[in-house]
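Asker: The following block contains the structure, expressed as structure tokens.
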Amino acid sequence: VVGAIAANVWAEYEHSAKEIFPTEDLRVLFLEFQKDKCLAVTSASAGYLLCAYSDGKAPMGLLKKKLETLQPYLKEALEKIQV
């Protein structure tokens with residue numbers, strides 16, 4: 001359920017950001033939930049999102065760093081998969 005919500009929120013923010021900042025791309029989206037839980041989302045490749053979820057123990061900066069580290073490794077592999 002969280003993944004579906006994250007994908008819809010990402011799509012809306014990405015669309016809205018293009019209207020406001022036409023030369024910029026959405027890089028990372030942070031969602032904060034109850035009880036300090038949070039989710040960081042980024043684009044892994046065209047048609048794929050990469051998410052990092054925290055139960056509140058890991059700070060958002062760490063989630064962002066994990067996404068930035070994983071994204072280049074996954075991008076090449078995901079680009080080979082046809083959606």
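Chain identifiers are assigned as A, B, and so on, following the order in which chains appear in the structure tokens; residues are numbered from 1 within each chain, and ligands are numbered from 1 in order of appearance.
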What's the 6 Å shell around segment 34-45 of chain A, counting only C-alpha atoms, without same-chain residues fewer than 5 positions away, as number ranges by chain?
Answerer: A: 27-29, 50-56, 71, 75
Asker: Write out as a VMD selection string all residues of chain A that backbone DSSP assigns to alpha helix (DSSP H).
Answerer: chain A and resid 2 to 20 60 to 79
Asker: Which value, in Å to one decimal, gives the distance between atom CA of Thr23 of chain A and atom CA of Glu79 of chain A?
Answerer: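 Between these atoms lies a distance of 23.2 Å.
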Asker: Work out how far apart atom CA of Ala6 of chain A and atom CA of Phe30 of chain A are and give it in Å to one decimal.
Answerer: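 Taking atom CA of Ala6 of chain A and atom CA of Phe30 of chain A, their separation equals 9.4 Å.
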Asker: Could you check the closest approach to Phe33 of chain A for each of A:Leu62, A:Val2, A:Tyr13, A:Gly47 and tell me which residue wins, using only C-alpha atoms?
Answerer: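 Closest candidate: A:Val2.
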Asker: Tell me, as a list in words, which residues lie within 10 Å of Ser16 of chain A, counting only C-alpha atoms; anything in the same chain fewer than 6 positions away does not count.
Answerer: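 Listed by chain and then number, they are Trp10, Pro22 and Leu26 of chain A.
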Asker: Convert the current residue selection to file output with C-alpha atoms, as a compact mmCIF listing (two decimals), in the first residue's frame.
Answerer:
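Once everything was written out, this is selection_33.txt:
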```
# COMPACT_ATOMS: atom_id res chain seq x y z
CA TRP A 10 5.79 11.02 -6.87
CA PRO A 22 10.57 23.46 -16.29
CA LEU A 26 12.41 16.02 -9.13
```
Asker: Taking the DSSP assignment computed from this structure's backbone, write out as a ChimeraX atom specification all residues of chain A that belong to strand (DSSP E).
Answerer: /A:29-32,38-45,48-54
Asker: Convert the current residue selection to file output with C-alpha atoms, as a short mmCIF file (atom, residue, chain, number, x, y, z; two decimals), in the first residue's frame.
Answerer:
```cif
data_model
loop_
_atom_site.label_atom_id
_atom_site.label_comp_id
_atom_site.auth_asym_id
_atom_site.auth_seq_id
_atom_site.Cartn_x
_atom_site.Cartn_y
_atom_site.Cartn_z
CA LEU A 29 10.76 13.07 -2.34
CA PHE A 30 10.46 12.63 1.43
CA LEU A 31 7.23 11.44 3.04
CA GLU A 32 6.87 11.56 6.80
CA CYS A 38 9.54 8.20 6.85
CA LEU A 39 10.02 7.22 3.24
CA ALA A 40 12.47 8.61 0.70
CA VAL A 41 11.70 8.12 -2.99
CA THR A 42 13.79 8.74 -6.11
CA SER A 43 13.71 7.68 -9.74
CA ALA A 44 15.79 4.55 -10.29
CA SER A 45 15.27 4.56 -14.06
CA TYR A 48 11.00 2.63 -11.81
CA LEU A 49 11.14 4.21 -8.37
CA LEU A 50 13.60 3.42 -5.62
CA CYS A 51 12.33 3.76 -2.04
CA ALA A 52 14.03 3.67 1.35
CA TYR A 53 11.82 3.28 4.42
CA SER A 54 12.72 4.10 8.01
#
```
Asker: Could you work out how far atom CA of Ala46 of chain A lies from atom CA of Ala17 of chain A, giving the answer in Å with one decimal?
Answerer: 17.1 Å
